[in-house]
Amino acid sequence: MDKPDFKVGIVGAGWIAEKAAITLNGLDGFRPYAIGSRSLEKAQGFAAQWGIARAYGSYSEVIDDPEVDLIYVATPHSHHFDVTKEALEKGKPCLVEKAFMANKTQAEVIVDLARHKKVFLAEAIWTRYQPAVSIVRDLIREGCIGTPRLITATLGYSMGNKERIMRPDLCGGSLLDLGVYCLNFVRMFCDAPIVSMNSQCVKTDTGMDLSNAISLVLADGILANVQSSAACVGDNTGVIAGTEGNLVIDNVNNPQRITVNGPDRVFVEEIAVPQQITGYEYQFVACRDAMAAGLLEPPQMPWKETLYIMELMDGLRKQWGVRYPMDGIDWK
Ligand SMILES: NC(=O)c1ccc[n+]([C@@H]2O[C@H](COP(=O)([O-])OP(=O)(O)OC[C@H]3O[C@@H](n4cnc5c(N)ncnc54)[C@H](OP(=O)(O)O)[C@@H]3O)[C@@H](O)[C@H]2O)c1
């Protein structure tokens with residue numbers, strides 16, 4: 001008998017939810033099975049458009065649907081905590097969009113809950129699950145660029161007018177939306193600990209970081225300069241420069257083409273990743289496989305790493321004075 005499809009229940013019928021529905025409809029062995037929205041009418045429209053079996057006018061009903069194998073949390077960062085907490089308390093596995101939570105305090109509560117309840121939990125930072133990660137790591141390990149010394153990465157989209165970027169109560173700013181990819185870019189290719197971090201930002205008139213620049217020194221002598229902006233169209237390129245050449249990765253947000261250059265920047269080869277549905281498929285496959293193996297977290301993005309990225313982002317926001325209502329009174 002065929003294995004039943006892995007059924008995903010999507011929470012929040014917004015932009016990324018559509019991408020998830022398209023992905024799951026194109027992925028063998030998976031189904032976008034349920035959609036939950038604050039509006040039943042919106043959920044029904046979304047379900048009709050994407051061939052989804054169950055439409056609910058609340059997030060709780062998706063969580064309560066016994067057929068759902070995995071809850072995919074696709075609300076703004078500010079609204080990840082409550083729905084993920086409810087799902088974990090009810091024993092439902094969760095894949096939670098980036099940025100994982102508003103701050104590390106929230107993230108620790110959620111990770112502790114998953115650990116305590118023994119329920120699967122993963123952060124949907126899609127780049128971490130993509131084939132480019134092992135391709136680039138292998139190239140570095142094989143020594144094709146010598147010893148890595150400098151990393152640069154830019155991610156910019158002109159979307160500073162979006163509510164999600166402007167509003168403190170929606171955990172606005174470029175860092176949690178875009179900068180998170182740049183930090184992950186450094187962390188997924190370099191294992192050495194970060195020993196120092198300096199940064200600056202330009203703010204929106206609502207006090208959120210519109211553009212930011214972050215400089216990290218790693219224990220093995222790598223310097224990483226990364227920047228993100230919600231105010232412009234960035235080149236979105238990542239470069240890992242070593243003593244014998246460099247790797248140019250296009251792009252930081254969805255690595256699909258890796259160019260290897262040798263000494264004197266002489267072109268060596270270009271490596272394309274396998275054909276994608278959208279690139280989001282890998283995170284869903286990782287969740288299914290980890291759950292089938294009895295794991296509570298995906299090896300591609302362990303909880304420890306999710307918490308570390310949240311800690312870095314807390315530290316950066318503190319440097320800039322970018323504060324959210326959920327940061328608490330002891331936030332300094
Ligand atoms: N991985 C990626 O490439 C990627 C790309 C874009 C976004 N994301 C992440 O996905 C999440 C959602 O982003 P998005 O662009 O899809 O956002 P969006 O379209 O602005 O909003 C997503 C949905 O969240 C729900 N929601 C719940 N409370 C809300 C509130 N107070 N205000 C606005 N919406 C609220 C709404 O769904 P209902 O009205 O149906 O309840 C809304 O449609 C974010 O965490 C973002 O960082 C990831």
# chains A, B, ... in the order shown; residues from 1 in each chain; ligands from 1
>>> residues_near_ligand(ligand="ligand 1", cutoff="9 Å", atoms="only C-alpha atoms and all ligand atoms", output="ChimeraX atom specification")
/A:11-19,35-40,42-43,46,57-59,73-80,96-101,124-127,162-164,169-170,176-178,253-254,279-280
>>> write_last_selection(atoms="N, CA and C atoms", output="short mmCIF file (atom, residue, chain, number, x, y, z; two decimals), in the first residue's frame")
data_model
loop_
_atom_site.label_atom_id
_atom_site.label_comp_id
_atom_site.auth_asym_id
_atom_site.auth_seq_id
_atom_site.Cartn_x
_atom_site.Cartn_y
_atom_site.Cartn_z
N VAL A 11 -0.83 27.97 8.96
CA VAL A 11 -1.45 28.96 9.84
C VAL A 11 -1.10 30.36 9.34
N GLY A 12 -2.12 31.13 8.94
CA GLY A 12 -1.92 32.47 8.39
C GLY A 12 -1.89 32.41 6.88
N ALA A 13 -2.91 33.02 6.23
CA ALA A 13 -3.06 32.89 4.78
C ALA A 13 -2.44 34.10 4.07
N GLY A 14 -1.14 34.29 4.26
CA GLY A 14 -0.46 35.44 3.68
C GLY A 14 0.47 35.07 2.53
N TRP A 15 1.49 35.89 2.33
CA TRP A 15 2.41 35.77 1.18
C TRP A 15 3.16 34.45 1.19
N ILE A 16 3.80 34.16 2.32
CA ILE A 16 4.64 32.95 2.36
C ILE A 16 3.77 31.69 2.39
N ALA A 17 2.56 31.82 2.92
CA ALA A 17 1.64 30.67 2.93
C ALA A 17 1.33 30.21 1.50
N GLU A 18 1.20 31.17 0.61
CA GLU A 18 0.97 30.83 -0.81
C GLU A 18 2.14 30.05 -1.38
N LYS A 19 3.35 30.51 -1.06
CA LYS A 19 4.55 29.82 -1.57
C LYS A 19 4.60 28.39 -1.02
N ILE A 35 -5.82 25.05 5.94
CA ILE A 35 -5.39 26.45 6.07
C ILE A 35 -6.21 27.10 7.17
N GLY A 36 -5.53 27.84 8.03
CA GLY A 36 -6.23 28.58 9.09
C GLY A 36 -5.96 30.06 8.93
N SER A 37 -7.03 30.83 9.04
CA SER A 37 -6.92 32.28 8.93
C SER A 37 -7.80 32.89 10.01
N ARG A 38 -7.55 34.17 10.31
CA ARG A 38 -8.43 34.84 11.26
C ARG A 38 -9.79 35.06 10.63
N SER A 39 -9.85 34.93 9.32
CA SER A 39 -11.13 35.10 8.61
C SER A 39 -11.46 33.81 7.87
N LEU A 40 -12.64 33.26 8.16
CA LEU A 40 -13.05 32.02 7.50
C LEU A 40 -13.16 32.23 5.98
N LYS A 42 -11.53 34.29 4.11
CA LYS A 42 -10.18 34.33 3.52
C LYS A 42 -9.61 32.91 3.41
N ALA A 43 -9.81 32.11 4.46
CA ALA A 43 -9.32 30.73 4.45
C ALA A 43 -9.99 29.94 3.33
N PHE A 46 -8.51 30.96 0.01
CA PHE A 46 -7.15 30.41 -0.11
C PHE A 46 -7.22 28.91 -0.42
N GLY A 57 -11.56 29.14 10.14
CA GLY A 57 -11.58 30.56 10.47
C GLY A 57 -10.85 30.88 11.76
N SER A 58 -9.97 29.97 12.19
CA SER A 58 -9.12 30.24 13.35
C SER A 58 -7.88 29.37 13.23
N TYR A 59 -6.84 29.78 13.94
CA TYR A 59 -5.60 28.99 13.92
C TYR A 59 -5.77 27.73 14.78
N VAL A 73 3.84 27.51 10.70
CA VAL A 73 3.47 28.82 11.24
C VAL A 73 3.95 29.91 10.29
N ALA A 74 2.99 30.57 9.62
CA ALA A 74 3.31 31.53 8.54
C ALA A 74 2.72 32.91 8.83
N THR A 75 2.67 33.24 10.11
CA THR A 75 2.21 34.58 10.53
C THR A 75 3.44 35.49 10.67
N PRO A 76 3.26 36.80 10.88
CA PRO A 76 4.43 37.66 11.15
C PRO A 76 5.17 37.18 12.41
N HIS A 77 6.48 37.53 12.50
CA HIS A 77 7.31 37.03 13.62
C HIS A 77 6.63 37.27 14.98
N SER A 78 5.99 38.43 15.10
CA SER A 78 5.35 38.84 16.35
C SER A 78 4.27 37.85 16.79
N HIS A 79 3.76 37.10 15.83
CA HIS A 79 2.64 36.21 16.13
C HIS A 79 3.02 34.73 16.06
N HIS A 80 4.33 34.45 16.10
CA HIS A 80 4.76 33.04 16.08
C HIS A 80 4.57 32.38 17.44
N VAL A 96 8.26 26.59 12.12
CA VAL A 96 7.95 27.99 12.38
C VAL A 96 8.81 28.90 11.51
N GLU A 97 8.16 29.78 10.76
CA GLU A 97 8.89 30.68 9.87
C GLU A 97 9.96 31.47 10.63
N LYS A 98 10.96 31.91 9.89
CA LYS A 98 11.93 32.86 10.43
C LYS A 98 11.28 34.23 10.43
N ALA A 99 11.74 35.18 11.24
CA ALA A 99 12.55 34.94 12.41
C ALA A 99 11.73 34.10 13.40
N PHE A 100 12.43 33.18 14.04
CA PHE A 100 11.74 32.15 14.82
C PHE A 100 10.77 32.74 15.85
N MET A 101 11.27 33.69 16.63
CA MET A 101 10.42 34.36 17.63
C MET A 101 10.84 35.83 17.69
N ALA A 124 11.81 27.47 10.17
CA ALA A 124 11.74 27.44 8.70
C ALA A 124 12.68 28.48 8.10
N ILE A 125 13.98 28.31 8.36
CA ILE A 125 14.97 29.15 7.70
C ILE A 125 15.42 28.34 6.49
N TRP A 126 14.76 28.56 5.35
CA TRP A 126 14.80 27.61 4.22
C TRP A 126 16.20 27.37 3.67
N THR A 127 17.08 28.41 3.77
CA THR A 127 18.42 28.25 3.21
C THR A 127 19.19 27.11 3.90
N LYS A 162 6.24 48.22 4.09
CA LYS A 162 5.37 47.14 4.58
C LYS A 162 5.11 47.30 6.08
N GLU A 163 3.89 47.03 6.48
CA GLU A 163 3.54 47.08 7.91
C GLU A 163 4.49 46.21 8.74
N ARG A 164 4.77 45.04 8.22
CA ARG A 164 5.60 44.05 8.90
C ARG A 164 7.02 44.57 9.17
N ASP A 169 5.19 46.47 16.92
CA ASP A 169 4.35 45.39 17.44
C ASP A 169 4.30 44.19 16.50
N LEU A 170 4.78 44.36 15.25
CA LEU A 170 4.90 43.21 14.34
C LEU A 170 6.36 42.75 14.24
N LEU A 176 15.29 41.05 11.49
CA LEU A 176 14.55 39.80 11.69
C LEU A 176 13.98 39.26 10.38
N ASP A 177 13.82 40.16 9.41
CA ASP A 177 13.27 39.72 8.13
C ASP A 177 14.36 39.26 7.16
N LEU A 178 15.42 40.06 7.03
CA LEU A 178 16.44 39.83 6.00
C LEU A 178 17.82 39.53 6.60
N ASN A 253 19.64 34.61 -0.21
CA ASN A 253 18.29 34.24 0.23
C ASN A 253 17.80 32.92 -0.36
N ASN A 254 18.47 32.47 -1.44
CA ASN A 254 18.08 31.20 -2.07
C ASN A 254 19.25 30.77 -2.95
N GLY A 279 12.26 25.89 -3.83
CA GLY A 279 13.36 25.97 -2.86
C GLY A 279 12.87 25.74 -1.43
N TYR A 280 11.55 25.87 -1.23
CA TYR A 280 11.00 25.67 0.12
C TYR A 280 10.77 24.18 0.42
#
>>> residues_around(residues="A:Asp209", least_positions_apart="6", cutoff="7 Å", atoms="only C-alpha atoms", output="list in words")
Gly173, Ser174, Leu175, Cys201, Val202, Lys203 and Val322 of chain A
>>> write_last_selection(atoms="C-alpha atoms", output="PDB file, in the first residue's frame")
ATOM      1  CA  GLY A 173      12.948  46.012  10.894  1.00  0.00           C
ATOM      2  CA  SER A 174      15.290  44.524   8.376  1.00  0.00           C
ATOM      3  CA  LEU A 175      17.252  42.312  10.782  1.00  0.00           C
ATOM      4  CA  CYS A 201      21.866  50.774  11.470  1.00  0.00           C
ATOM      5  CA  VAL A 202      19.678  53.408   9.873  1.00  0.00           C
ATOM      6  CA  LYS A 203      16.219  53.536  11.414  1.00  0.00           C
ATOM      7  CA  VAL A 322      15.445  48.655  18.394  1.00  0.00           C
TER       8      VAL A 322
END
>>> residues_around(residues="A:Arg167", least_positions_apart="4", cutoff="10 Å", atoms="only C-alpha atoms", output="PDB file with N, CA and C atoms, in the first residue's frame")
ATOM      1  N   ASN A 161       8.024  50.064   3.190  1.00  0.00           N
ATOM      2  CA  ASN A 161       6.686  50.577   3.504  1.00  0.00           C
ATOM      3  C   ASN A 161       5.750  49.496   4.045  1.00  0.00           C
ATOM      4  N   LYS A 162       6.240  48.221   4.094  1.00  0.00           N
ATOM      5  CA  LYS A 162       5.369  47.141   4.580  1.00  0.00           C
ATOM      6  C   LYS A 162       5.115  47.303   6.077  1.00  0.00           C
ATOM      7  N   GLU A 163       3.894  47.026   6.482  1.00  0.00           N
ATOM      8  CA  GLU A 163       3.539  47.077   7.911  1.00  0.00           C
ATOM      9  C   GLU A 163       4.487  46.211   8.742  1.00  0.00           C
ATOM     10  N   CYS A 171       7.194  43.206  15.209  1.00  0.00           N
ATOM     11  CA  CYS A 171       8.632  42.889  15.211  1.00  0.00           C
ATOM     12  C   CYS A 171       9.276  43.356  13.912  1.00  0.00           C
ATOM     13  N   GLY A 172       9.114  44.660  13.657  1.00  0.00           N
ATOM     14  CA  GLY A 172       9.593  45.216  12.399  1.00  0.00           C
ATOM     15  C   GLY A 172      11.104  45.281  12.286  1.00  0.00           C
ATOM     16  N   GLY A 173      11.525  45.851  11.161  1.00  0.00           N
ATOM     17  CA  GLY A 173      12.948  46.012  10.894  1.00  0.00           C
ATOM     18  C   GLY A 173      13.473  45.016   9.884  1.00  0.00           C
ATOM     19  N   THR A 204      13.941  53.485  10.664  1.00  0.00           N
ATOM     20  CA  THR A 204      12.697  54.054  10.144  1.00  0.00           C
ATOM     21  C   THR A 204      12.211  55.105  11.147  1.00  0.00           C
ATOM     22  N   THR A 206       9.690  54.904  12.682  1.00  0.00           N
ATOM     23  CA  THR A 206       9.008  54.172  13.750  1.00  0.00           C
ATOM     24  C   THR A 206      10.013  53.473  14.679  1.00  0.00           C
ATOM     25  N   GLY A 207      11.300  53.735  14.448  1.00  0.00           N
ATOM     26  CA  GLY A 207      12.323  53.208  15.356  1.00  0.00           C
ATOM     27  C   GLY A 207      12.815  51.803  15.033  1.00  0.00           C
ATOM     28  N   MET A 208      12.464  51.299  13.859  1.00  0.00           N
ATOM     29  CA  MET A 208      12.935  49.965  13.468  1.00  0.00           C
ATOM     30  C   MET A 208      14.186  50.108  12.589  1.00  0.00           C
ATOM     31  N   TYR A 324      11.023  45.878  20.814  1.00  0.00           N
ATOM     32  CA  TYR A 324       9.652  45.425  20.545  1.00  0.00           C
ATOM     33  C   TYR A 324       8.840  45.404  21.840  1.00  0.00           C
TER      34      TYR A 324
END
>>> closest_atom_pairs(of="stretch 75-165 of chain A", to="stretch 234-241 of chain A", cutoff="9 Å", atoms="only C-alpha atoms", output="CSV")
residue,atom,partner,partner_atom,distance
A:Ile145,CA,A:Ala241,CA,7.1
A:Gly146,CA,A:Ala241,CA,8.8
A:Thr147,CA,A:Ala241,CA,8.3
A:Pro148,CA,A:Ala241,CA,5.6
A:Arg149,CA,A:Ala241,CA,6.0
A:Leu150,CA,A:Ala241,CA,5.1
A:Ile151,CA,A:Ile240,CA,4.7
A:Thr152,CA,A:Val239,CA,5.2
A:Ala153,CA,A:Gly238,CA,4.2
A:Thr154,CA,A:Asn236,CA,4.9
A:Leu155,CA,A:Asn236,CA,4.4
A:Gly156,CA,A:Gly234,CA,4.0
A:Tyr157,CA,A:Gly234,CA,6.2
A:Ser158,CA,A:Gly234,CA,8.4
>>> write_last_selection(atoms="C-alpha atoms", output="mmCIF file, in the first residue's frame")
data_model
loop_
_atom_site.group_PDB
_atom_site.id
_atom_site.type_symbol
_atom_site.label_atom_id
_atom_site.label_comp_id
_atom_site.auth_asym_id
_atom_site.auth_seq_id
_atom_site.Cartn_x
_atom_site.Cartn_y
_atom_site.Cartn_z
ATOM 1 C CA ILE A 145 39.665 28.557 -2.157
ATOM 2 C CA GLY A 146 42.501 27.913 0.289
ATOM 3 C CA THR A 147 41.852 29.221 3.780
ATOM 4 C CA PRO A 148 38.683 31.333 4.093
ATOM 5 C CA ARG A 149 39.469 34.816 5.396
ATOM 6 C CA LEU A 150 36.647 37.189 4.471
ATOM 7 C CA ILE A 151 32.896 36.770 4.081
ATOM 8 C CA THR A 152 30.600 39.401 2.657
ATOM 9 C CA ALA A 153 26.853 39.134 2.189
ATOM 10 C CA THR A 154 24.159 41.631 1.252
ATOM 11 C CA LEU A 155 20.420 41.144 1.262
ATOM 12 C CA GLY A 156 18.156 43.996 0.259
ATOM 13 C CA TYR A 157 14.549 44.286 -0.854
ATOM 14 C CA SER A 158 12.689 47.519 -1.380
#
>>> residues_around(residues="A:Ala272", least_positions_apart="6", cutoff="8 Å", atoms="only C-alpha atoms", output="list in words")
Gln256, Arg257 and Ile258 of chain A
>>> residues_around(residues="A:Tyr282", least_positions_apart="2", cutoff="10 Å", atoms="only C-alpha atoms", output="number ranges by chain")
A: 23, 27, 124, 126-131, 276-280, 284-288
>>> write_last_selection(atoms="N, CA and C atoms", output="short mmCIF file (atom, residue, chain, number, x, y, z; two decimals), in the first residue's frame")
data_model
loop_
_atom_site.label_atom_id
_atom_site.label_comp_id
_atom_site.auth_asym_id
_atom_site.auth_seq_id
_atom_site.Cartn_x
_atom_site.Cartn_y
_atom_site.Cartn_z
N THR A 23 4.44 24.95 -3.18
CA THR A 23 5.53 23.97 -2.97
C THR A 23 4.95 22.60 -2.64
N LEU A 27 5.09 18.71 -4.48
CA LEU A 27 6.05 17.83 -3.82
C LEU A 27 5.43 16.45 -3.55
N ALA A 124 11.81 27.47 10.17
CA ALA A 124 11.74 27.44 8.70
C ALA A 124 12.68 28.48 8.10
N TRP A 126 14.76 28.56 5.35
CA TRP A 126 14.80 27.61 4.22
C TRP A 126 16.20 27.37 3.67
N THR A 127 17.08 28.41 3.77
CA THR A 127 18.42 28.25 3.21
C THR A 127 19.19 27.11 3.90
N ARG A 128 18.92 26.92 5.17
CA ARG A 128 19.65 25.91 5.93
C ARG A 128 19.41 24.49 5.42
N TYR A 129 18.27 24.30 4.76
CA TYR A 129 17.88 22.95 4.36
C TYR A 129 18.23 22.67 2.89
N GLN A 130 18.77 23.68 2.22
CA GLN A 130 18.96 23.57 0.77
C GLN A 130 20.28 22.87 0.41
N PRO A 131 20.34 22.28 -0.79
CA PRO A 131 21.54 21.54 -1.20
C PRO A 131 22.80 22.39 -1.26
N GLN A 276 14.68 23.30 -8.63
CA GLN A 276 13.81 23.46 -7.46
C GLN A 276 12.33 23.47 -7.87
N ILE A 277 11.47 23.16 -6.91
CA ILE A 277 10.04 23.54 -7.07
C ILE A 277 9.99 25.04 -6.78
N THR A 278 10.32 25.38 -5.54
CA THR A 278 10.45 26.79 -5.16
C THR A 278 11.70 27.00 -4.31
N GLY A 279 12.26 25.89 -3.83
CA GLY A 279 13.36 25.97 -2.86
C GLY A 279 12.87 25.74 -1.43
N TYR A 280 11.55 25.87 -1.23
CA TYR A 280 11.00 25.67 0.12
C TYR A 280 10.77 24.18 0.42
N PHE A 284 10.42 21.14 4.24
CA PHE A 284 9.32 20.22 4.55
C PHE A 284 9.81 18.76 4.55
N VAL A 285 10.65 18.44 3.59
CA VAL A 285 11.21 17.09 3.54
C VAL A 285 12.04 16.82 4.81
N ALA A 286 12.82 17.83 5.22
CA ALA A 286 13.66 17.67 6.42
C ALA A 286 12.80 17.39 7.65
N CYS A 287 11.67 18.07 7.75
CA CYS A 287 10.78 17.85 8.91
C CYS A 287 10.20 16.44 8.88
N ARG A 288 9.69 16.06 7.72
CA ARG A 288 9.11 14.70 7.63
C ARG A 288 10.15 13.64 7.97
#
>>> residues_around(residues="A:Gly29", least_positions_apart="3", cutoff="12 Å", atoms="only C-alpha atoms", output="PDB file with C-alpha atoms, in the first residue's frame")
ATOM      1  CA  ASP A   2       1.196   3.544  -0.777  1.00  0.00           C
ATOM      2  CA  LYS A   3       2.366   5.617   2.177  1.00  0.00           C
ATOM      3  CA  PRO A   4      -0.193   8.301   3.082  1.00  0.00           C
ATOM      4  CA  ASP A   5       0.704  11.887   2.198  1.00  0.00           C
ATOM      5  CA  PHE A   6       2.371  14.003   4.867  1.00  0.00           C
ATOM      6  CA  LYS A   7      -0.305  16.593   5.674  1.00  0.00           C
ATOM      7  CA  VAL A   8       0.682  20.157   6.444  1.00  0.00           C
ATOM      8  CA  THR A  23       5.526  23.970  -2.974  1.00  0.00           C
ATOM      9  CA  LEU A  24       3.528  21.288  -1.200  1.00  0.00           C
ATOM     10  CA  ASN A  25       1.230  20.826  -4.202  1.00  0.00           C
ATOM     11  CA  GLY A  26       4.312  20.102  -6.317  1.00  0.00           C
ATOM     12  CA  PRO A  32      -1.171  21.335   1.907  1.00  0.00           C
ATOM     13  CA  TYR A  33      -4.073  19.852   3.833  1.00  0.00           C
ATOM     14  CA  GLU A 281      10.537  21.933  -0.428  1.00  0.00           C
ATOM     15  CA  PHE A 284       9.318  20.222   4.554  1.00  0.00           C
ATOM     16  CA  VAL A 285      11.210  17.086   3.541  1.00  0.00           C
ATOM     17  CA  ARG A 288       9.110  14.702   7.630  1.00  0.00           C
ATOM     18  CA  ASP A 289      12.395  12.780   7.626  1.00  0.00           C
TER      19      ASP A 289
END
>>> atom_distance(atom1="atom CA of A:Val248", atom2="atom CA of A:Ala132")
11.9 Å
>>> select_by_dssp(residues="stretch 133-290 of chain A", states="strand (DSSP E)", output="PyMOL selection string")
chain A and resi 148-156+194-203+209-218+223-229+237-242+245-250+257-261+267-272
>>> residues_around(residues="A:Ile194", least_positions_apart="4", cutoff="8 Å", atoms="only C-alpha atoms", output="PDB file with N, CA and C atoms, in the first residue's frame")
ATOM      1  N   LEU A 216      31.486  40.784  12.005  1.00  0.00           N
ATOM      2  CA  LEU A 216      31.735  39.694  12.951  1.00  0.00           C
ATOM      3  C   LEU A 216      33.178  39.207  12.805  1.00  0.00           C
ATOM      4  N   VAL A 217      33.820  38.954  13.921  1.00  0.00           N
ATOM      5  CA  VAL A 217      35.130  38.301  13.874  1.00  0.00           C
ATOM      6  C   VAL A 217      34.952  36.886  14.431  1.00  0.00           C
ATOM      7  N   LEU A 218      35.457  35.903  13.674  1.00  0.00           N
ATOM      8  CA  LEU A 218      35.343  34.512  14.101  1.00  0.00           C
ATOM      9  C   LEU A 218      36.676  34.061  14.708  1.00  0.00           C
ATOM     10  N   ALA A 219      36.583  33.055  15.559  1.00  0.00           N
ATOM     11  CA  ALA A 219      37.777  32.622  16.315  1.00  0.00           C
ATOM     12  C   ALA A 219      38.917  32.164  15.406  1.00  0.00           C
TER      13      ALA A 219
END
>>> closest_residue(among="A:Lys118, A:Tyr308, A:Gln300, A:Val195", to="A:Ser134", atoms="only C-alpha atoms")
A:Gln300
>>> closest_residue(among="A:Gly262, A:Gly315, A:Gly245, A:Pro298", to="A:Ser199", atoms="only C-alpha atoms")
A:Gly315
>>> atom_distance(atom1="atom CA of A:Tyr181", atom2="atom CA of A:Gln283")
14.8 Å
>>> select_by_dssp(residues="stretch 88-246 of chain A", states="alpha helix (DSSP H)", output="ChimeraX atom specification")
/A:88-89,104-117,132-141,163-166,174,180-189
>>> write_last_selection(atoms="C-alpha atoms", output="tab-separated table (two decimals), in the first residue's frame")
chain	number	residue	atom	x	y	z
A	88	LEU	CA	3.19	22.25	21.15
A	89	GLU	CA	1.01	22.12	24.26
A	104	LYS	CA	15.58	34.78	22.67
A	105	THR	CA	13.40	34.74	25.78
A	106	GLN	CA	10.39	33.68	23.71
A	107	ALA	CA	12.51	31.19	21.76
A	108	GLU	CA	13.77	29.54	24.96
A	109	VAL	CA	10.21	29.10	26.26
A	110	ILE	CA	9.20	27.44	22.99
A	111	VAL	CA	12.25	25.18	22.74
A	112	ASP	CA	11.90	24.14	26.41
A	113	LEU	CA	8.24	23.33	25.80
A	114	ALA	CA	9.05	21.17	22.75
A	115	ARG	CA	11.74	19.37	24.77
A	116	HIS	CA	9.45	18.85	27.74
A	117	LYS	CA	6.49	17.67	25.63
A	132	ALA	CA	23.83	24.56	-1.53
A	133	VAL	CA	24.85	24.17	2.11
A	134	SER	CA	26.69	20.88	1.59
A	135	ILE	CA	27.99	21.94	-1.86
A	136	VAL	CA	29.66	25.04	-0.42
A	137	ARG	CA	30.88	23.31	2.72
A	138	ASP	CA	32.45	20.56	0.59
A	139	LEU	CA	34.17	23.11	-1.67
A	140	ILE	CA	35.65	24.83	1.37
A	141	ARG	CA	36.69	21.54	2.99
A	163	GLU	CA	3.54	47.08	7.91
A	164	ARG	CA	5.60	44.05	8.90
A	165	ILE	CA	8.81	46.10	8.52
A	166	MET	CA	7.56	49.39	10.00
A	174	SER	CA	15.29	44.52	8.38
A	180	VAL	CA	18.66	36.76	9.70
A	181	TYR	CA	19.65	35.20	6.34
A	182	CYS	CA	23.01	36.99	6.40
A	183	LEU	CA	23.76	35.73	9.91
A	184	ASN	CA	22.76	32.22	8.88
A	185	PHE	CA	24.91	32.56	5.75
A	186	VAL	CA	27.97	33.03	7.97
A	187	ARG	CA	26.99	30.36	10.47
A	188	MET	CA	26.10	27.65	7.95
A	189	PHE	CA	29.46	27.84	6.20
>>> closest_residue(among="A:Cys190, A:Val83, A:Asp65, A:Asn103", to="A:Lys318", atoms="only C-alpha atoms")
A:Asn103
